[in-house]
>>> print(open('structure_11.csv').read())   # CSV, C-alpha atoms
chain,number,residue,atom,x,y,z
A,1,MET,CA,1.2,12.5,11.4
A,2,THR,CA,-2.1,13.3,9.8
A,3,ALA,CA,-0.9,11.5,6.7
A,4,LEU,CA,0.0,8.4,8.7
A,5,LEU,CA,-3.3,8.4,10.5
A,6,ALA,CA,-5.1,8.7,7.2
A,7,LEU,CA,-3.1,5.6,6.0
A,8,PHE,CA,-4.0,3.7,9.2
A,9,TRP,CA,-7.7,4.4,8.9
A,10,ARG,CA,-7.7,3.5,5.2
A,11,ASP,CA,-6.2,0.1,6.0
A,12,LEU,CA,-8.6,-0.4,8.8
A,13,ARG,CA,-11.6,0.6,6.7
A,14,ARG,CA,-10.5,-1.7,4.0
A,15,ALA,CA,-10.0,-4.5,6.5
A,16,TRP,CA,-13.4,-4.1,8.0
A,17,GLY,CA,-15.3,-2.9,5.0
A,18,SER,CA,-17.7,-5.2,3.1
A,19,GLY,CA,-18.0,-7.6,6.0
A,20,ALA,CA,-14.4,-8.7,5.8
A,21,LEU,CA,-14.2,-8.1,9.5
A,22,TRP,CA,-16.1,-11.3,10.1
A,23,LEU,CA,-14.0,-13.5,7.8
A,24,PRO,CA,-11.1,-14.4,10.2
A,25,VAL,CA,-13.6,-14.5,13.0
A,26,LEU,CA,-15.9,-16.9,11.3
A,27,PHE,CA,-12.9,-19.0,10.2
A,28,PHE,CA,-11.7,-19.1,13.8
A,29,LEU,CA,-15.2,-20.1,15.1
A,30,LEU,CA,-15.5,-22.7,12.4
A,31,VAL,CA,-12.3,-24.4,13.4
A,32,ALA,CA,-13.4,-24.3,17.1
A,33,THR,CA,-16.7,-25.9,16.1
A,34,ALA,CA,-15.1,-28.6,13.9
A,35,PHE,CA,-12.6,-29.7,16.5
A,36,PRO,CA,-15.1,-31.3,18.9
A,37,PHE,CA,-16.6,-33.1,16.0
A,38,ALA,CA,-13.2,-34.5,15.1
A,39,VAL,CA,-12.0,-35.6,18.6
A,40,GLY,CA,-15.4,-36.4,20.1
A,41,PRO,CA,-17.4,-34.6,22.9
A,42,ASP,CA,-15.2,-35.8,25.8
A,43,ALA,CA,-15.0,-32.7,28.0
A,44,PRO,CA,-11.7,-33.4,29.8
A,45,LEU,CA,-10.0,-34.2,26.5
A,46,LEU,CA,-11.4,-31.2,24.8
A,47,SER,CA,-10.4,-29.0,27.6
A,48,ARG,CA,-6.8,-30.3,27.5
A,49,ALA,CA,-6.3,-30.1,23.7
A,50,GLY,CA,-8.6,-27.1,23.0
A,51,GLY,CA,-6.2,-24.5,24.2
A,52,GLY,CA,-3.6,-25.6,21.6
A,53,MET,CA,-6.3,-25.7,19.0
A,54,VAL,CA,-7.3,-22.1,19.7
A,55,TRP,CA,-3.7,-21.1,19.1
A,56,VAL,CA,-3.4,-23.0,15.8
A,57,ALA,CA,-6.7,-21.4,14.7
A,58,ALA,CA,-5.5,-17.9,15.7
A,59,LEU,CA,-2.3,-18.4,13.7
A,60,LEU,CA,-4.2,-19.5,10.6
A,61,ALA,CA,-6.8,-16.6,11.0
A,62,ALA,CA,-3.9,-14.1,11.0
A,63,LEU,CA,-2.8,-15.5,7.6
A,64,LEU,CA,-6.2,-15.5,5.9
A,65,PRO,CA,-6.1,-11.9,4.7
A,66,ILE,CA,-2.5,-11.9,3.4
A,67,ASP,CA,-3.9,-11.6,-0.1
A,68,ARG,CA,-5.3,-8.1,0.5
A,69,LEU,CA,-2.7,-6.6,2.7
A,70,VAL,CA,-0.2,-5.4,0.1
A,71,ARG,CA,-1.0,-6.6,-3.3
A,72,PRO,CA,-4.1,-4.5,-4.0
A,73,ASP,CA,-2.2,-1.4,-2.9
A,74,LYS,CA,0.7,-2.3,-5.2
A,75,ASP,CA,-1.6,-3.0,-8.2
A,76,ALA,CA,-3.5,0.2,-7.7
A,77,GLY,CA,-0.4,2.3,-7.6
A,78,VAL,CA,-1.0,3.4,-4.0
A,79,LEU,CA,2.5,2.2,-2.8
A,80,ASP,CA,4.1,4.2,-5.7
A,81,GLN,CA,2.2,7.3,-4.8
A,82,LEU,CA,3.3,7.0,-1.2
A,83,ALA,CA,6.9,6.5,-2.2
A,84,VAL,CA,6.8,9.5,-4.4
A,85,ARG,CA,5.6,11.5,-1.4
A,86,GLY,CA,8.8,10.5,0.5
A,87,PHE,CA,7.3,8.0,3.0
A,88,ALA,CA,9.9,5.5,4.1
A,89,ASP,CA,8.9,1.9,3.2
A,90,GLU,CA,9.5,1.0,6.8
A,91,VAL,CA,7.0,3.5,8.0
A,92,ILE,CA,4.4,2.3,5.5
A,93,ALA,CA,5.1,-1.3,6.7
A,94,ALA,CA,4.7,-0.2,10.3
A,95,VAL,CA,1.4,1.5,9.6
A,96,LYS,CA,0.2,-1.6,7.8
A,97,ILE,CA,1.3,-3.9,10.6
A,98,GLY,CA,-0.5,-1.7,13.2
A,99,ALA,CA,-3.7,-1.6,11.2
A,100,HIS,CA,-3.6,-5.3,10.6
A,101,ALA,CA,-3.0,-6.0,14.3
A,102,ILE,CA,-6.0,-4.0,15.3
A,103,GLY,CA,-8.0,-5.1,12.2
A,104,PHE,CA,-7.8,-8.8,13.0
A,105,GLY,CA,-6.6,-8.8,16.6
A,106,LEU,CA,-9.7,-7.1,18.1
A,107,PRO,CA,-12.3,-9.3,16.4
A,108,LEU,CA,-10.1,-12.4,17.2
A,109,LEU,CA,-10.1,-11.6,20.9
A,110,ILE,CA,-13.9,-11.2,20.9
A,111,ALA,CA,-14.3,-14.4,19.0
A,112,LEU,CA,-12.1,-16.1,21.5
A,113,LEU,CA,-15.0,-16.2,24.0
A,114,PRO,CA,-17.4,-18.4,22.1
A,115,ALA,CA,-14.5,-20.5,20.7
A,116,ALA,CA,-13.3,-21.2,24.2
A,117,ALA,CA,-16.8,-22.1,25.3
A,118,LEU,CA,-17.1,-24.6,22.4
A,119,LEU,CA,-13.8,-26.2,23.4
A,120,ALA,CA,-14.7,-26.5,27.1
A,121,GLN,CA,-12.1,-24.0,28.4
A,122,ASP,CA,-12.6,-22.7,31.9
A,123,ALA,CA,-12.4,-19.1,32.9
A,124,ALA,CA,-8.8,-19.2,34.0
A,125,ARG,CA,-7.7,-20.8,30.8
A,126,VAL,CA,-9.7,-18.3,28.8
A,127,GLU,CA,-7.9,-15.5,30.6
A,128,THR,CA,-4.5,-17.1,29.8
A,129,LEU,CA,-5.5,-17.6,26.2
A,130,ALA,CA,-6.7,-14.0,25.8
A,131,ALA,CA,-3.5,-12.6,27.4
A,132,GLY,CA,-1.3,-14.9,25.2
A,133,ILE,CA,-3.1,-14.1,22.0
A,134,ALA,CA,-3.1,-10.3,22.8
A,135,ILE,CA,0.7,-10.5,23.3
A,136,ALA,CA,1.2,-12.5,20.0
A,137,VAL,CA,-1.1,-10.4,17.8
A,138,PRO,CA,1.5,-7.7,16.9
A,139,ALA,CA,4.0,-10.4,15.9
A,140,LEU,CA,1.4,-12.2,13.9
A,141,ALA,CA,0.5,-9.0,12.1
A,142,SER,CA,4.2,-8.3,11.5
A,143,LEU,CA,4.7,-11.8,9.9
A,144,ALA,CA,1.5,-11.4,7.9
A,145,VAL,CA,2.5,-8.1,6.4
A,146,LEU,CA,6.0,-9.3,5.8
A,147,SER,CA,4.8,-12.3,3.8
A,148,ALA,CA,2.2,-10.2,2.0
A,149,ALA,CA,5.0,-7.8,0.9
A,150,LEU,CA,7.3,-10.7,-0.1
A,151,THR,CA,4.7,-12.4,-2.2
A,152,ALA,CA,2.9,-9.4,-3.7
A,153,ASN,CA,4.5,-9.9,-7.1
A,154,HIS,CA,3.5,-13.6,-7.3
A,155,LYS,CA,0.2,-15.0,-8.5
A,156,GLY,CA,-1.3,-17.2,-5.8
A,157,GLY,CA,1.0,-15.5,-3.4
A,158,SER,CA,-1.1,-16.1,-0.3
A,159,ALA,CA,-0.4,-19.8,-0.3
A,160,ILE,CA,3.4,-19.2,-0.6
A,161,GLY,CA,2.9,-16.5,2.1
A,162,GLY,CA,1.4,-18.9,4.5
A,163,LEU,CA,4.2,-21.4,4.0
A,164,LEU,CA,6.7,-18.6,4.6
A,165,VAL,CA,5.2,-17.4,7.8
A,166,LEU,CA,4.2,-20.6,9.5
A,167,PRO,CA,7.7,-21.7,10.5
A,168,LEU,CA,8.5,-18.3,11.8
A,169,ALA,CA,5.3,-18.3,13.9
A,170,VAL,CA,6.2,-21.7,15.6
A,171,PRO,CA,7.9,-20.0,18.6
A,172,LEU,CA,4.8,-18.0,19.3
A,173,LEU,CA,2.8,-21.2,19.1
A,174,ILE,CA,5.1,-23.1,21.5
A,175,PHE,CA,5.3,-20.4,24.1
A,176,GLY,CA,1.7,-19.3,23.7
A,177,ALA,CA,0.3,-22.8,24.2
A,178,GLY,CA,3.0,-23.3,26.8
A,179,MET,CA,1.3,-20.7,29.0
A,180,LEU,CA,-1.6,-23.1,29.4
A,181,ASP,CA,0.6,-25.7,31.0
A,182,PRO,CA,0.7,-25.2,34.8
A,183,SER,CA,4.4,-26.0,34.8
A,184,GLY,CA,5.2,-23.5,32.1
A,185,ARG,CA,5.6,-20.4,34.2
A,186,GLY,CA,8.3,-18.8,32.1
A,187,ALA,CA,6.3,-19.2,28.9
A,188,VAL,CA,4.7,-15.8,29.0
A,189,LYS,CA,8.0,-14.1,29.2
A,190,LEU,CA,9.4,-16.1,26.3
A,191,LEU,CA,6.2,-15.4,24.3
A,192,ALA,CA,6.5,-11.7,25.0
A,193,ALA,CA,10.2,-11.6,24.1
A,194,THR,CA,9.5,-13.5,20.8
A,195,SER,CA,6.6,-11.2,20.0
A,196,LEU,CA,8.7,-8.1,20.7
A,197,LEU,CA,11.5,-9.4,18.5
A,198,LEU,CA,9.2,-10.2,15.6
A,199,THR,CA,7.3,-6.9,16.0
A,200,VAL,CA,10.5,-4.9,16.0
A,201,ILE,CA,12.0,-6.7,13.0
A,202,GLY,CA,8.8,-6.8,11.1
A,203,PRO,CA,8.6,-3.2,9.8
A,204,PHE,CA,12.2,-3.3,8.6
A,205,ALA,CA,11.9,-6.6,6.9
A,206,ALA,CA,8.6,-5.8,5.4
A,207,GLY,CA,9.8,-2.3,4.4
A,208,ALA,CA,12.7,-3.9,2.5
A,209,ALA,CA,10.3,-6.2,0.8
A,210,LEU,CA,8.1,-3.2,-0.2
A,211,ARG,CA,11.2,-1.5,-1.7
A,212,GLY,CA,12.0,-4.7,-3.6
A,213,LEU,CA,8.5,-4.5,-5.3
A,214,ARG,CA,9.5,-1.4,-7.1
A,215,GLU,CA,12.6,-2.7,-8.8
B,1,MET,CA,17.1,28.5,-6.9
B,2,THR,CA,15.0,28.1,-10.0
B,3,GLU,CA,16.0,24.5,-10.7
B,4,LEU,CA,13.4,22.0,-9.5
B,5,LEU,CA,14.6,18.7,-10.9
B,6,ARG,CA,18.0,17.6,-12.2
B,7,LEU,CA,19.2,14.3,-13.7
B,8,ASP,CA,22.9,13.9,-14.1
B,9,ASP,CA,24.4,11.4,-16.5
B,10,VAL,CA,21.7,8.8,-15.7
B,11,ALA,CA,21.4,5.3,-17.2
B,12,CYS,CA,18.5,3.0,-17.0
B,13,ILE,CA,18.5,-0.7,-17.5
B,14,ARG,CA,15.2,-2.7,-17.5
B,15,GLY,CA,15.6,-6.4,-17.6
B,16,ASP,CA,18.6,-7.0,-19.7
B,17,ARG,CA,18.0,-4.0,-22.0
B,18,LEU,CA,19.8,-0.7,-21.7
B,19,LEU,CA,17.1,1.9,-22.4
B,20,PHE,CA,19.3,5.0,-22.2
B,21,GLU,CA,22.6,6.2,-20.7
B,22,GLY,CA,24.5,9.4,-20.2
B,23,LEU,CA,21.2,11.3,-20.0
B,24,SER,CA,21.4,14.7,-18.3
B,25,LEU,CA,18.6,17.2,-18.0
B,26,ALA,CA,17.4,20.0,-15.7
B,27,LEU,CA,13.9,21.2,-15.2
B,28,ASN,CA,13.5,24.8,-14.0
B,29,ARG,CA,10.5,26.7,-12.6
B,30,GLY,CA,8.0,27.4,-15.4
B,31,GLU,CA,9.4,24.9,-17.8
B,32,ALA,CA,7.8,21.9,-19.4
B,33,LEU,CA,9.5,19.0,-21.1
B,34,TRP,CA,7.8,16.6,-23.4
B,35,LEU,CA,9.3,13.1,-23.5
B,36,ARG,CA,8.3,11.7,-26.9
B,37,GLY,CA,9.1,8.5,-28.7
B,38,PRO,CA,7.7,5.1,-29.6
B,39,ASN,CA,6.4,2.5,-27.1
B,40,GLY,CA,9.2,1.0,-25.1
B,41,ALA,CA,11.6,3.9,-25.7
B,42,GLY,CA,11.9,4.5,-22.0
B,43,LYS,CA,9.5,7.4,-21.4
B,44,SER,CA,7.8,5.8,-18.4
B,45,SER,CA,11.1,4.6,-17.0
B,46,LEU,CA,12.5,8.1,-17.2
B,47,ILE,CA,9.4,9.4,-15.4
B,48,ARG,CA,9.7,6.8,-12.7
B,49,LEU,CA,13.4,7.5,-12.4
B,50,ALA,CA,12.8,11.2,-12.0
B,51,ALA,CA,10.1,10.4,-9.4
B,52,GLY,CA,12.6,8.3,-7.4
B,53,LEU,CA,10.7,5.1,-7.9
B,54,LEU,CA,13.5,3.6,-9.9
B,55,ARG,CA,17.1,3.8,-9.0
B,56,PRO,CA,19.3,4.8,-12.0
B,57,ALA,CA,21.9,2.2,-13.0
B,58,ALA,CA,24.3,5.1,-13.1
B,59,GLY,CA,24.2,8.8,-12.4
B,60,THR,CA,22.0,10.7,-10.0
B,61,ALA,CA,18.5,12.1,-9.9
B,62,LEU,CA,17.8,15.1,-7.7
B,63,ARG,CA,14.4,16.6,-6.7
B,64,ARG,CA,14.5,19.9,-4.9
B,65,GLU,CA,10.7,20.1,-4.3
B,66,ARG,CA,7.7,17.9,-3.8
B,67,VAL,CA,6.6,15.7,-6.7
B,68,ALA,CA,3.2,14.8,-8.0
B,69,LEU,CA,3.0,11.8,-10.3
B,70,ILE,CA,0.5,10.3,-12.7
B,71,ASP,CA,1.1,6.9,-14.1
B,72,GLU,CA,-1.0,4.1,-15.5
B,73,ALA,CA,-2.5,3.3,-12.1
B,74,ALA,CA,-5.1,5.7,-10.7
B,75,ALA,CA,-4.3,4.8,-7.0
B,76,LEU,CA,-7.9,5.7,-6.0
B,77,ASP,CA,-9.9,3.2,-3.9
B,78,ALA,CA,-12.4,1.7,-6.3
B,79,GLU,CA,-15.1,1.1,-3.7
B,80,LEU,CA,-15.2,4.7,-2.5
B,81,PRO,CA,-17.1,7.7,-4.0
B,82,LEU,CA,-14.7,9.8,-6.0
B,83,ARG,CA,-14.7,12.7,-3.6
B,84,ARG,CA,-13.8,10.4,-0.6
B,85,ALA,CA,-11.1,8.7,-2.6
B,86,LEU,CA,-9.6,12.0,-3.4
B,87,ASP,CA,-10.0,13.2,0.2
B,88,PHE,CA,-7.7,10.4,1.3
B,89,TRP,CA,-4.9,11.8,-0.8
B,90,ALA,CA,-5.7,15.3,0.4
B,91,ARG,CA,-5.1,14.1,4.0
B,92,VAL,CA,-1.9,12.4,3.0
B,93,ASP,CA,-0.7,15.5,1.3
B,94,THR,CA,-2.1,17.6,4.2
B,95,VAL,CA,-4.0,20.0,2.0
B,96,ASP,CA,-7.5,21.1,2.9
B,97,GLY,CA,-10.8,20.2,1.1
B,98,HIS,CA,-10.9,23.5,-0.7
B,99,SER,CA,-7.9,22.5,-2.9
B,100,VAL,CA,-9.8,19.4,-3.8
B,101,ASP,CA,-12.9,21.4,-4.6
B,102,ARG,CA,-11.0,23.8,-6.8
B,103,ALA,CA,-9.1,21.0,-8.6
B,104,MET,CA,-12.3,19.1,-9.2
B,105,ASP,CA,-13.7,22.2,-10.8
B,106,VAL,CA,-10.6,22.6,-13.0
B,107,MET,CA,-11.0,19.1,-14.4
B,108,ALA,CA,-14.9,19.4,-14.4
B,109,LEU,CA,-15.4,16.4,-12.1
B,110,ALA,CA,-17.5,18.1,-9.5
B,111,PRO,CA,-20.8,16.5,-10.8
B,112,LEU,CA,-19.2,13.0,-10.3
B,113,ALA,CA,-18.1,13.6,-6.7
B,114,GLU,CA,-20.5,10.9,-5.3
B,115,VAL,CA,-20.0,8.3,-8.0
B,116,PRO,CA,-17.9,5.3,-6.9
B,117,VAL,CA,-14.5,5.2,-8.5
B,118,ALA,CA,-15.2,1.8,-9.9
B,119,MET,CA,-18.0,3.3,-12.1
B,120,LEU,CA,-15.8,5.9,-13.7
B,121,SER,CA,-14.5,5.5,-17.3
B,122,THR,CA,-10.8,5.5,-18.2
B,123,GLY,CA,-10.8,9.1,-19.1
B,124,GLN,CA,-12.7,10.1,-16.0
B,125,ARG,CA,-10.2,8.2,-13.9
B,126,LYS,CA,-7.3,10.0,-15.6
B,127,ARG,CA,-9.1,13.3,-14.8
B,128,ALA,CA,-9.4,12.2,-11.2
B,129,ALA,CA,-5.7,11.4,-11.0
B,130,MET,CA,-5.1,14.9,-12.5
B,131,VAL,CA,-7.3,16.3,-9.7
B,132,ARG,CA,-5.0,14.6,-7.2
B,133,VAL,CA,-1.9,16.1,-8.9
B,134,ILE,CA,-3.4,19.6,-9.0
B,135,ALA,CA,-4.7,19.5,-5.4
B,136,SER,CA,-1.4,18.2,-4.0
B,137,GLY,CA,0.2,21.6,-4.6
B,138,ALA,CA,3.5,19.9,-5.5
B,139,PRO,CA,5.7,22.1,-7.7
B,140,ILE,CA,7.0,19.2,-9.8
B,141,TRP,CA,4.5,17.4,-12.0
B,142,LEU,CA,5.5,14.1,-13.6
B,143,LEU,CA,2.8,13.1,-15.9
B,144,ASP,CA,3.0,9.7,-17.7
B,145,GLU,CA,0.4,9.6,-20.5
B,146,PRO,CA,-2.0,11.9,-18.6
B,147,ALA,CA,-4.3,12.3,-21.6
B,148,ASN,CA,-4.9,8.6,-22.3
B,149,GLY,CA,-8.6,8.1,-22.6
B,150,MET,CA,-9.4,11.8,-22.2
B,151,ASP,CA,-11.8,13.4,-24.7
B,152,GLU,CA,-10.9,16.7,-26.4
B,153,ALA,CA,-12.6,18.9,-23.8
B,154,ALA,CA,-10.7,17.1,-21.0
B,155,GLN,CA,-7.4,17.4,-22.9
B,156,ALA,CA,-8.0,21.2,-23.2
B,157,ARG,CA,-8.6,21.4,-19.5
B,158,LEU,CA,-5.4,19.4,-18.9
B,159,VAL,CA,-3.4,21.8,-21.2
B,160,ALA,CA,-4.9,24.8,-19.4
B,161,ALA,CA,-4.0,23.3,-16.0
B,162,ILE,CA,-0.4,22.7,-17.1
B,163,ALA,CA,-0.2,26.3,-18.3
B,164,ARG,CA,-1.5,27.7,-15.0
B,165,HIS,CA,0.9,25.5,-13.0
B,166,ARG,CA,3.9,26.8,-15.0
B,167,ALA,CA,2.7,30.3,-14.6
B,168,ASN,CA,2.7,29.7,-10.9
B,169,GLY,CA,6.3,28.6,-10.9
B,170,GLY,CA,5.8,24.8,-11.3
B,171,ALA,CA,7.5,22.5,-13.7
B,172,VAL,CA,6.1,19.7,-15.8
B,173,MET,CA,7.7,16.6,-17.3
B,174,LEU,CA,5.2,15.0,-19.7
B,175,ALA,CA,5.5,11.6,-21.3
B,176,SER,CA,3.2,11.2,-24.2
B,177,HIS,CA,3.3,9.4,-27.5
B,178,PHE,CA,1.3,12.2,-29.1
B,179,ALA,CA,1.5,16.0,-29.0
B,180,LEU,CA,-1.0,17.5,-26.5
B,181,GLY,CA,-0.8,21.1,-27.8
B,182,VAL,CA,1.0,22.5,-24.8
B,183,PRO,CA,2.6,25.7,-25.9
B,184,ASP,CA,6.3,26.6,-25.4
B,185,LEU,CA,7.4,23.0,-24.8
B,186,ALA,CA,10.9,21.6,-24.8
B,187,GLU,CA,11.2,18.2,-26.4
B,188,LEU,CA,13.3,15.1,-25.7
B,189,ASP,CA,13.0,12.4,-28.3
B,190,MET,CA,13.5,9.2,-26.3
B,191,GLY,CA,13.5,7.2,-29.6
B,192,ALA,CA,16.7,8.9,-30.6
B,193,LEU,CA,18.6,8.0,-27.5
B,194,ALA,CA,18.6,4.3,-27.9
>>> encode(input="structure_11.csv", output="structure tokens")
Amino acid sequence: MTALLALFWRDLRRAWGSGALWLPVLFFLLVATAFPFAVGPDAPLLSRAGGGMVWVAALLAALLPIDRLVRPDKDAGVLDQLAVRGFADEVIAAVKIGAHAIGFGLPLLIALLPAAALLAQDAARVETLAAGIAIAVPALASLAVLSAALTANHKGGSAIGGLLVLPLAVPLLIFGAGMLDPSGRGAVKLLAATSLLLTVIGPFAAGAALRGLRE
Amino acid sequence: MTELLRLDDVACIRGDRLLFEGLSLALNRGEALWLRGPNGAGKSSLIRLAAGLLRPAAGTALRRERVALIDEAAALDAELPLRRALDFWARVDTVDGHSVDRAMDVMALAPLAEVPVAMLSTGQRKRAAMVRVIASGAPIWLLDEPANGMDEAAQARLVAAIARHRANGGAVMLASHFALGVPDLAELDMGALA
């Protein structure tokens, strides 16, 4: 348990060290800022389309750090050292997913407030967005770690990783954005179910991918 | 049980090449085995196979105790001071800070404790990896070219550490393309296996 905590803190420290904490956040805010420039300052239109835009930005923000989730650990021999110590690859993957969920999820939820303000979202919609994103964060982290593990052997893996994950994240996007629709009352349950499924599958799939890196 | 590590009739294939087959060996407490041979003979592969990082194409590898490994990667976070990078592995191995202190003294790294790992030379990084191995307290040491980049003083410390480990009932498997001067050493010439 001490060992797993040490792993978790190391991942979190590396995620937040050297200002990297602000990278997904800045990206997220940048998209939110750019969007009104693109569609014009019409408040009703912004308010209607902005929620969906927040979801797309959150999805992309989760994929930003794919490059440094697994590959540096593989290159430095850290994954081999952990395997020698008998840690199951699934456990390593689960720890990495947890650390990534906290590492990018917390800053993202904080950044949601200014982003929502820029996109003319009212208080009720901000609440819905925050709840939806909080539900989706573990699944997004799962997908990010999975694609990071799958592409750790390839140069320029992050681009391939993004392509791999985006289709899998579409259900999250549909149900998450669906929560904003007044008629979409079941969306939150479907979002939670999808997120749960991806979060449970994630460590096993990513663990298998980590094992594959050694062969 | 004095046997720590056992390989039974193992074969190893890398890419399309058969490196070795039908290889059996046992490593008992207090023993050390030197894997020698030219580059590409399969020394590193045999170490990784013994560590459980590679699955043998045939045969079985059995480890009865914990394993500590050195390979070409130092596995220390480059941005951290050396001591903190080593402390991470001490926490993973659930050993206390004193073992790290003692191991750093053994490899004469105590003066570099606050230096970032990125600033260390190749030999110093190998010594740091050796500190991790010593501090881990694992009975089985698998050392792949542990002396690369080390100066003579550091090599002497490495040889002394190996001797002390064996005296304490540990076993060492050592892959190296040159003789380190470890006394009472069994040899396996990997070049003759191909």
>>> residues_around(input="structure_11.csv", residues="Arg214 (chain A)", least_positions_apart="6", cutoff="9 Å", atoms="all atoms listed in the file", output="PyMOL selection string")
(chain A and resi 79-80) or (chain B and resi 53-54)
>>> write_last_selection(input="structure_11.csv", atoms="C-alpha atoms", output="short mmCIF file (atom, residue, chain, number, x, y, z; two decimals), in the coordinates of the input")
data_model
loop_
_atom_site.label_atom_id
_atom_site.label_comp_id
_atom_site.auth_asym_id
_atom_site.auth_seq_id
_atom_site.Cartn_x
_atom_site.Cartn_y
_atom_site.Cartn_z
CA LEU A 79 2.50 2.20 -2.80
CA ASP A 80 4.10 4.20 -5.70
CA LEU B 53 10.70 5.10 -7.90
CA LEU B 54 13.50 3.60 -9.90
#
>>> closest_residue(input="structure_11.csv", among="B:Ala32, B:Ala179, B:Ala51, B:Leu143", to="chain A", atoms="only C-alpha atoms")
B:Ala51
>>> residues_around(input="structure_11.csv", residues="Thr33 (chain A)", least_positions_apart="4", cutoff="10 Å", atoms="all atoms listed in the file", output="short mmCIF file (atom, residue, chain, number, x, y, z; two decimals) with C-alpha atoms, keeping the file's coordinate frame")
data_model
loop_
_atom_site.label_atom_id
_atom_site.label_comp_id
_atom_site.auth_asym_id
_atom_site.auth_seq_id
_atom_site.Cartn_x
_atom_site.Cartn_y
_atom_site.Cartn_z
CA PHE A 27 -12.90 -19.00 10.20
CA PHE A 28 -11.70 -19.10 13.80
CA LEU A 29 -15.20 -20.10 15.10
CA PHE A 37 -16.60 -33.10 16.00
CA ALA A 38 -13.20 -34.50 15.10
CA PRO A 114 -17.40 -18.40 22.10
CA ALA A 115 -14.50 -20.50 20.70
CA ALA A 116 -13.30 -21.20 24.20
CA ALA A 117 -16.80 -22.10 25.30
CA LEU A 118 -17.10 -24.60 22.40
CA LEU A 119 -13.80 -26.20 23.40
#
>>> interface_residues(input="structure_11.csv", of="chain A", to="chain B", cutoff="9 Å", atoms="only C-alpha atoms", output="list in words")
Met1, Thr2, Ala3, Leu4, Leu5, Ala6, Leu7, Arg10, Asp73, Lys74, Asp75, Ala76, Gly77, Val78, Leu79, Asp80, Gln81, Leu82, Ala83, Val84, Arg85, Gly86, Arg214 and Glu215 of chain A
>>> residues_around(input="structure_11.csv", residues="Val188 (chain A)", least_positions_apart="5", cutoff="10 Å", atoms="all atoms listed in the file", output="mmCIF file with C-alpha atoms, in the coordinates of the input")
data_model
loop_
_atom_site.group_PDB
_atom_site.id
_atom_site.type_symbol
_atom_site.label_atom_id
_atom_site.label_comp_id
_atom_site.auth_asym_id
_atom_site.auth_seq_id
_atom_site.Cartn_x
_atom_site.Cartn_y
_atom_site.Cartn_z
ATOM 1 C CA THR A 128 -4.500 -17.100 29.800
ATOM 2 C CA ALA A 131 -3.500 -12.600 27.400
ATOM 3 C CA GLY A 132 -1.300 -14.900 25.200
ATOM 4 C CA ILE A 135 0.700 -10.500 23.300
ATOM 5 C CA LEU A 172 4.800 -18.000 19.300
ATOM 6 C CA PHE A 175 5.300 -20.400 24.100
ATOM 7 C CA GLY A 176 1.700 -19.300 23.700
ATOM 8 C CA ALA A 177 0.300 -22.800 24.200
ATOM 9 C CA GLY A 178 3.000 -23.300 26.800
ATOM 10 C CA MET A 179 1.300 -20.700 29.000
ATOM 11 C CA LEU A 180 -1.600 -23.100 29.400
ATOM 12 C CA ALA A 193 10.200 -11.600 24.100
ATOM 13 C CA THR A 194 9.500 -13.500 20.800
#
>>> atom_distance(input="structure_11.csv", atom1="CA of Asn153 (chain A)", atom2="CA of Pro72 (chain A)")
10.6 Å
>>> residues_around(input="structure_11.csv", residues="Trp34 (chain B)", least_positions_apart="2", cutoff="6 Å", atoms="all atoms listed in the file", output="count of residues only")
3
>>> closest_residue(input="structure_11.csv", among="A:Ala32, A:Ala209, A:Val95, A:Ile66", to="Gly50 (chain A)", atoms="all atoms listed in the file")
A:Ala32
>>> residues_around(input="structure_11.csv", residues="Ala130 (chain A)", least_positions_apart="6", cutoff="12 Å", atoms="only C-alpha atoms", output="tab-separated table (two decimals) with C-alpha atoms, in the frame of the given file")
chain	number	residue	atom	x	y	z
A	51	GLY	CA	-6.20	-24.50	24.20
A	54	VAL	CA	-7.30	-22.10	19.70
A	55	TRP	CA	-3.70	-21.10	19.10
A	58	ALA	CA	-5.50	-17.90	15.70
A	105	GLY	CA	-6.60	-8.80	16.60
A	106	LEU	CA	-9.70	-7.10	18.10
A	107	PRO	CA	-12.30	-9.30	16.40
A	108	LEU	CA	-10.10	-12.40	17.20
A	109	LEU	CA	-10.10	-11.60	20.90
A	110	ILE	CA	-13.90	-11.20	20.90
A	111	ALA	CA	-14.30	-14.40	19.00
A	112	LEU	CA	-12.10	-16.10	21.50
A	113	LEU	CA	-15.00	-16.20	24.00
A	115	ALA	CA	-14.50	-20.50	20.70
A	116	ALA	CA	-13.30	-21.20	24.20
A	121	GLN	CA	-12.10	-24.00	28.40
A	123	ALA	CA	-12.40	-19.10	32.90
A	124	ALA	CA	-8.80	-19.20	34.00
A	136	ALA	CA	1.20	-12.50	20.00
A	137	VAL	CA	-1.10	-10.40	17.80
A	176	GLY	CA	1.70	-19.30	23.70
A	177	ALA	CA	0.30	-22.80	24.20
A	179	MET	CA	1.30	-20.70	29.00
A	180	LEU	CA	-1.60	-23.10	29.40
A	188	VAL	CA	4.70	-15.80	29.00
>>> atom_distance(input="structure_11.csv", atom1="CA of Val145 (chain A)", atom2="CA of His100 (chain A)")
7.9 Å
>>> atom_distance(input="structure_11.csv", atom1="CA of Val159 (chain B)", atom2="CA of Pro81 (chain B)")
26.1 Å
>>> closest_residue(input="structure_11.csv", among="A:Ala206, A:Ala120, A:Pro138, A:Leu26", to="Ile102 (chain A)", atoms="only C-alpha atoms")
A:Pro138
>>> residues_near_point(input="structure_11.csv", point="(-10.0, 18.8, -15.6)", cutoff="10 Å", atoms="all atoms listed in the file", output="MDAnalysis selection string")
chainID B and resid 103:110 124 126:131 134 150 153:161
